[in-house]
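> Once you've had a glance at the structure underneath, I'll fire off some questions.
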Amino acid sequence: MARLRIAVIGAGASGLASIKSCLEAGLDPVCFERTGDLGGLWRFQENPEQGRASIYQSVVINTSKEMMCFSDFPIPDHFPNFMHNSQVLEYFRMYAKEFDLLKYIRFKTAVCSVKRQPDFCTSGQWEVVTECEGTEQVEVFDGVMVCTGHHTDAHLPLDSFPGIERFQGQYFHSRDYKNPAGFKGKRVIIIGIGNSGGDLAVEISHTAKQVFLSTRRGTWVLNRVGQNGYPFDMEVSSRFWQFLSKMCGPSLSSSYLERRMNQRFDHEMFGLKPKHRALSQHPTVNDELPNRIISGLVKVKGNVKEFTETAAIFEDGSREEDIDVVIFATGYSFAFPFLKDDSVKVVKNKVSLYKKVFPPHLEKPTLAIIGLIQPLGAIMPIAELQARWVTQVFKGLKKLPPKSEMMAEIIKAQEEMAKRYVDSQRHTIQGDYIDTMEEMAECVGVRPDLWSLAFTDPRLALKVLFGPCTPVQYRLQGPGKWDRARETILTTDDRVRKPLMTRAVERSHSSSSVITMSRFILAVLLFAVIMAYF
């Protein structure tokens with residue numbers, strides 16, 4: 001039987017994981033990348049190609065290396081825990097080389113259209129039209145994996161800011177920002193307090209005369225450095241944390257997180273405290289913002305009511321004169337213009353996909369969207385698990401439920417999202433990291449069996465339950481099992497500490513054995529209680 005041919009659109013993080021998942025499943029992938037190189041969002045360019053996702057020069061990823069790595073390819077231990085974008089790209093190149101993925105990628109090849117074949121009801125096949133250096137090519141594929149991301153099309157809501165058309169200064173979307181060199185001595189307003197807005201406010205404040213950070217709702221600010229100096233996402237991404245959150249409920253969980261964040265600085269005193277709870281919005285991750293605010297170099301303001309030729313008037317009645325630049329850090333919208341026949345409809349950043357992957361109305365489940373999710377955590381391992389599941393569905397090893405069941409689940413998920421998060425186009429594709437990983441792992445058949453591990457490998461079981469839920473845990477068993485998974489999980493702490501310990505320091509061992517034994521006994525007792533819950 002001939003191998004199924006799969007079209008993979010995009011050679012960013014999701015595309016690379018999809019190529020590899022196809023190869024693992026015995027499928028024949030062909031990846032189309034419109035630019036001349038891999039990396040997608042994480043490949044910095046001063047002048048990026050039209051329609052390509054773009055980052056600024058100084059971007060450091062806000063998820064740690066242990067939580068963002070691909071499941072069977074750990075990031076080298078000497079790499080920093082939070083990597084600069086150039087190191088993220090280097091890791092992707094290493095991944096592509098390790099698994100020989102480059103030969104499956106057609107660079108400088110844009111996808112013009114993807115549409116169902118006339119006999120789609122029986123064949124499930126797709127006609128894919130591509131263009132390379134002016135030459136069009138038409139091919140037929142048995143499945144399509146769309147890996148184009150959701151940071152491509154800038155959302156610039158100018159209609160919401162009266163007077164901007166007469167503003168005499170410069171204004172643009174944060175997508176077009178690259179470095180702070182051109183802002184020396186200027187008065188700058190940044191609209192939006194997500195991760196991009198916070199980063200730009202901090203960076204530009206080092207050269208600008210004054211930066212104003214405008215926000216409608218405020219935000220909770222997380223620091224990359226968590227308790228005892230470990231990455232914060234490793235602390236809040238464990239099955240034990242998930243268990244406590246569900247037992248306590250969202251209100252108590254939010255209270256705990258808010259108290260932790262306010263211990264660093266009082267969000268109310270800094271003008272950042274929002275009306276919503278910590279778990280009702282995608283938080284802002286920023287290490288330096290409170291330092292720039294307390295230094296007066298960044299001033300937090302409310303929403304802009306209107307602009308004049310040279311000033312901004314805010315909703316609280318205050319006014320800032322002599323504004324030189326306005327940067328709209330107002331997020332992104334996503335679309336799939338190459339998908340024809342209404343294969344996937346996107347309305348105001350909302351899209352109906354079963355488990356955020358499969359369009360429910362197709363007669364054959366041979367089209368999948370990979371990586372279209374906004375988690376509090378890394379997208380890369382989620383996209384990888386999605387790809388592993390999709391290839392099983394394409395091969396017929398896994399079946400999707402009837403359309404009615406898929407639609408019911410989609411509606412339920414959208415209602416829960418609307419109930420939890422503030423109304424914003426930023427919150428249409430949200431997902432909790434662990435819940436999403438566990439759900440996908442259940443679909444693939446690789447979710448760790450804690451009961452089995454408790455009896456066969458208690459040390460590993462405790463690590464899987466109480467330690468960070470790293471992607472490697474989904475290589476312990478089932479399809480794609482990796483023989484180095486156990487060792488990699490047990491040495492997680494070593495890789496976290498390695499890039500930090502660049503100076504030899506004498507360690508204190510006083511009472512350490514007593515503390516270790518106490519923690520072990522407590523962990524065993526908690527393990528028994530939690531397993532009873534599961």
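The way I read the labels, and the way they are meant: chains A, B, ... in the order of the structure tokens, residue 1 as the first residue of every chain, and ligand 1 as the first ligand shown, with later ones counted on from there.
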Excluding Gly40 in chain A and residues on its chain fewer than 4 positions from it, collect all residues at most 9 Å away from it, counting only C-alpha atoms, and give them as number ranges by chain.
A: 10-13, 15, 33, 35, 44, 52-54, 89, 148-149
> A:Val347, A:Ile370, A:Leu465, A:Ile189: which is nearest Lys301 in chain A, counting only C-alpha atoms?
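Between A:Val347, A:Ile370, A:Leu465, A:Ile189, the residue approaching Lys301 in chain A most closely is A:Ile189.
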> Excluding range 404-416 of chain A and residues on its chain fewer than 3 positions from it, collect all residues at most 10 Å away from it, counting only C-alpha atoms, and give them as a list in words.
Lys350, Val351, Ser352, Leu353, Tyr354, Lys355, Lys356, Phe358, Pro359, Pro360, His361, Leu400, Pro401, Lys419, Arg420, Tyr421, Thr428, Ile429, Gln430 and Gly431 of chain A
> Mind dumping a table of every range 250-280 of chain A residue within 10 Å of range 199-215 of chain A, with the nearest atom pair and its distance in Å to one decimal, using only C-alpha atoms, sorted by chain and rising number, as JSON lines?

```
{"residue": "A:Gly271", "atom": "CA", "partner": "A:Thr215", "partner_atom": "CA", "distance": 9.9}
{"residue": "A:Leu272", "atom": "CA", "partner": "A:Thr215", "partner_atom": "CA", "distance": 8.5}
{"residue": "A:Pro274", "atom": "CA", "partner": "A:Thr215", "partner_atom": "CA", "distance": 9.7}
```
> Using only C-alpha atoms, which of A:Leu41, A:Gly480, A:Val146, A:Arg486 sits nearest Arg459 in chain A?
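Answer, going by the shortest atom-to-atom distance: A:Arg486.
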> Could you state the separation of CA of Glu235 in chain A and CA of Val472 in chain A in Å, given to one decimal place?
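Distance between the two atoms: 16.5 Å.
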> Restricting the calculation to only C-alpha atoms: of A:Lys305, A:Arg239, A:Lys273, A:Arg264, which residue gets closest to Asp287 in chain A?
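The closest residue to Asp287 in chain A is A:Arg264.
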> Could you tell me which of A:Glu127, A:Asn262, A:Phe334, A:Pro471 comes closest to Ala383 in chain A if we count only C-alpha atoms?
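Checking each candidate against Ala383 in chain A, we get A:Pro471 as the closest.
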> Nearest residue to Met94 in chain A out of A:Val464, A:Leu38, A:Leu222, A:Val60, using only C-alpha atoms?
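Answer, going by the shortest atom-to-atom distance: A:Leu38.
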> Please provide as a ChimeraX atom specification all residues within 12 Å of Trp241 in chain A, with the sequence filter that same-chain residues fewer than 3 positions apart are discarded (counting only C-alpha atoms).
/A:233-238,244-249,253,256-257,433-435,464-469,526,530
> Could you please write out, as a PyMOL selection string, every residue of range 348-396 of chain A that DSSP assigns to helix (DSSP H, G or I)?
chain A and resi 380-395
> Give me a file of those residues, with all heavy atoms, as a short mmCIF file (atom, residue, chain, number, x, y, z; two decimals), in the first residue's frame.

```cif
data_model
loop_
_atom_site.label_atom_id
_atom_site.label_comp_id
_atom_site.auth_asym_id
_atom_site.auth_seq_id
_atom_site.Cartn_x
_atom_site.Cartn_y
_atom_site.Cartn_z
N MET A 380 5.01 24.83 21.68
CA MET A 380 5.74 23.80 20.92
C MET A 380 5.35 22.37 21.29
O MET A 380 5.02 21.56 20.42
CB MET A 380 7.25 23.98 21.07
CG MET A 380 7.81 25.27 20.49
SD MET A 380 7.54 26.66 21.61
CE MET A 380 8.64 27.88 20.93
N PRO A 381 5.39 22.00 22.59
CA PRO A 381 5.05 20.61 22.92
C PRO A 381 3.58 20.29 22.69
O PRO A 381 3.23 19.14 22.40
CB PRO A 381 5.43 20.50 24.40
CG PRO A 381 5.48 21.89 24.91
CD PRO A 381 5.89 22.74 23.76
N ILE A 382 2.70 21.31 22.82
CA ILE A 382 1.28 21.08 22.52
C ILE A 382 1.12 20.79 21.03
O ILE A 382 0.41 19.85 20.64
CB ILE A 382 0.45 22.31 22.93
CG1 ILE A 382 0.42 22.45 24.46
CG2 ILE A 382 -0.98 22.20 22.39
CD1 ILE A 382 -0.29 23.69 24.96
N ALA A 383 1.77 21.60 20.20
CA ALA A 383 1.70 21.38 18.76
C ALA A 383 2.24 20.00 18.38
O ALA A 383 1.70 19.32 17.50
CB ALA A 383 2.48 22.47 18.03
N GLU A 384 3.29 19.58 19.07
CA GLU A 384 3.86 18.26 18.78
C GLU A 384 2.87 17.15 19.11
O GLU A 384 2.68 16.21 18.31
CB GLU A 384 5.15 18.06 19.57
CG GLU A 384 5.84 16.73 19.26
CD GLU A 384 6.98 16.44 20.22
OE1 GLU A 384 6.95 16.92 21.36
OE2 GLU A 384 7.88 15.68 19.82
N LEU A 385 2.22 17.23 20.26
CA LEU A 385 1.23 16.21 20.61
C LEU A 385 0.03 16.26 19.66
O LEU A 385 -0.52 15.20 19.29
CB LEU A 385 0.76 16.42 22.05
CG LEU A 385 1.59 15.74 23.13
CD1 LEU A 385 1.10 16.15 24.52
CD2 LEU A 385 1.56 14.22 23.00
N GLN A 386 -0.37 17.45 19.26
CA GLN A 386 -1.44 17.56 18.27
C GLN A 386 -1.04 16.84 16.99
O GLN A 386 -1.84 16.08 16.41
CB GLN A 386 -1.74 19.03 17.97
CG GLN A 386 -2.43 19.78 19.09
CD GLN A 386 -2.60 21.26 18.78
OE1 GLN A 386 -1.85 21.83 17.98
NE2 GLN A 386 -3.58 21.89 19.40
N ALA A 387 0.18 17.07 16.54
CA ALA A 387 0.66 16.44 15.31
C ALA A 387 0.72 14.93 15.44
O ALA A 387 0.37 14.19 14.50
CB ALA A 387 2.03 17.01 14.93
N ARG A 388 1.14 14.43 16.59
CA ARG A 388 1.19 12.98 16.80
C ARG A 388 -0.21 12.37 16.73
O ARG A 388 -0.40 11.26 16.21
CB ARG A 388 1.85 12.67 18.15
CG ARG A 388 3.33 13.03 18.20
CD ARG A 388 3.90 12.94 19.60
NE ARG A 388 3.99 11.55 20.08
CZ ARG A 388 4.39 11.22 21.30
NH1 ARG A 388 4.71 12.18 22.18
NH2 ARG A 388 4.46 9.95 21.66
N TRP A 389 -1.19 13.09 17.28
CA TRP A 389 -2.57 12.61 17.23
C TRP A 389 -3.11 12.65 15.80
O TRP A 389 -3.72 11.70 15.31
CB TRP A 389 -3.44 13.47 18.15
CG TRP A 389 -4.91 13.14 18.13
CD1 TRP A 389 -5.47 11.89 18.12
CD2 TRP A 389 -5.99 14.07 18.11
NE1 TRP A 389 -6.84 12.00 18.12
CE2 TRP A 389 -7.18 13.31 18.11
CE3 TRP A 389 -6.07 15.46 18.12
CZ2 TRP A 389 -8.45 13.92 18.11
CZ3 TRP A 389 -7.31 16.06 18.12
CH2 TRP A 389 -8.48 15.30 18.11
N VAL A 390 -2.84 13.75 15.11
CA VAL A 390 -3.35 13.94 13.76
C VAL A 390 -2.85 12.84 12.83
O VAL A 390 -3.62 12.29 12.02
CB VAL A 390 -2.95 15.33 13.22
CG1 VAL A 390 -3.15 15.41 11.71
CG2 VAL A 390 -3.75 16.41 13.93
N THR A 391 -1.58 12.49 12.93
CA THR A 391 -1.05 11.45 12.04
C THR A 391 -1.72 10.11 12.30
O THR A 391 -1.93 9.32 11.37
CB THR A 391 0.47 11.32 12.20
OG1 THR A 391 0.81 11.05 13.56
CG2 THR A 391 1.17 12.60 11.76
N GLN A 392 -2.09 9.85 13.55
CA GLN A 392 -2.81 8.61 13.85
C GLN A 392 -4.21 8.64 13.24
O GLN A 392 -4.70 7.62 12.74
CB GLN A 392 -2.90 8.41 15.36
CG GLN A 392 -1.57 8.08 16.02
CD GLN A 392 -1.74 7.73 17.50
OE1 GLN A 392 -2.83 7.76 18.04
NE2 GLN A 392 -0.64 7.41 18.15
N VAL A 393 -4.86 9.81 13.28
CA VAL A 393 -6.18 9.95 12.67
C VAL A 393 -6.08 9.79 11.15
O VAL A 393 -6.90 9.10 10.52
CB VAL A 393 -6.81 11.30 13.03
CG1 VAL A 393 -8.12 11.52 12.25
CG2 VAL A 393 -7.09 11.38 14.53
N PHE A 394 -5.08 10.42 10.55
CA PHE A 394 -4.89 10.30 9.11
C PHE A 394 -4.71 8.83 8.69
O PHE A 394 -5.20 8.41 7.64
CB PHE A 394 -3.66 11.10 8.67
CG PHE A 394 -3.88 12.59 8.58
CD1 PHE A 394 -2.83 13.44 8.23
CD2 PHE A 394 -5.11 13.16 8.86
CE1 PHE A 394 -3.01 14.81 8.15
CE2 PHE A 394 -5.31 14.53 8.78
CZ PHE A 394 -4.26 15.36 8.43
N LYS A 395 -4.01 8.07 9.51
CA LYS A 395 -3.76 6.66 9.18
C LYS A 395 -4.94 5.76 9.49
O LYS A 395 -4.95 4.58 9.14
CB LYS A 395 -2.54 6.15 9.95
CG LYS A 395 -1.21 6.71 9.45
CD LYS A 395 -0.04 5.95 10.04
CE LYS A 395 0.06 4.54 9.47
NZ LYS A 395 1.28 3.83 9.94
#
```
> Pick from A:Gly124, A:Pro74, A:Gly182, A:Gly198: nearest to Glu363 in chain A, with only C-alpha atoms counted?
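Among A:Gly124, A:Pro74, A:Gly182, A:Gly198, it is A:Gly124 that comes nearest to Glu363 in chain A.
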> Mind giving me the straight-line distance from CA of Arg216 in chain A to CA of Arg260 in chain A in Å, one decimal?
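Pair CA of Arg216 in chain A / CA of Arg260 in chain A returns 23.3 Å.
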> Taking 3 positions as the minimum chain separation for residues in the same chain, which residues sit within 6 Å of range 81-83 of chain A when counting only C-alpha atoms? Answer as a list in words.
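In the requested format, the answer is Val60, Ile61, Ser64, Lys65 and Gln87 of chain A.
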> When you draw a straight line from CA of Lys463 in chain A to CA of Pro448 in chain A, how long is it in Å?
11.6 Å
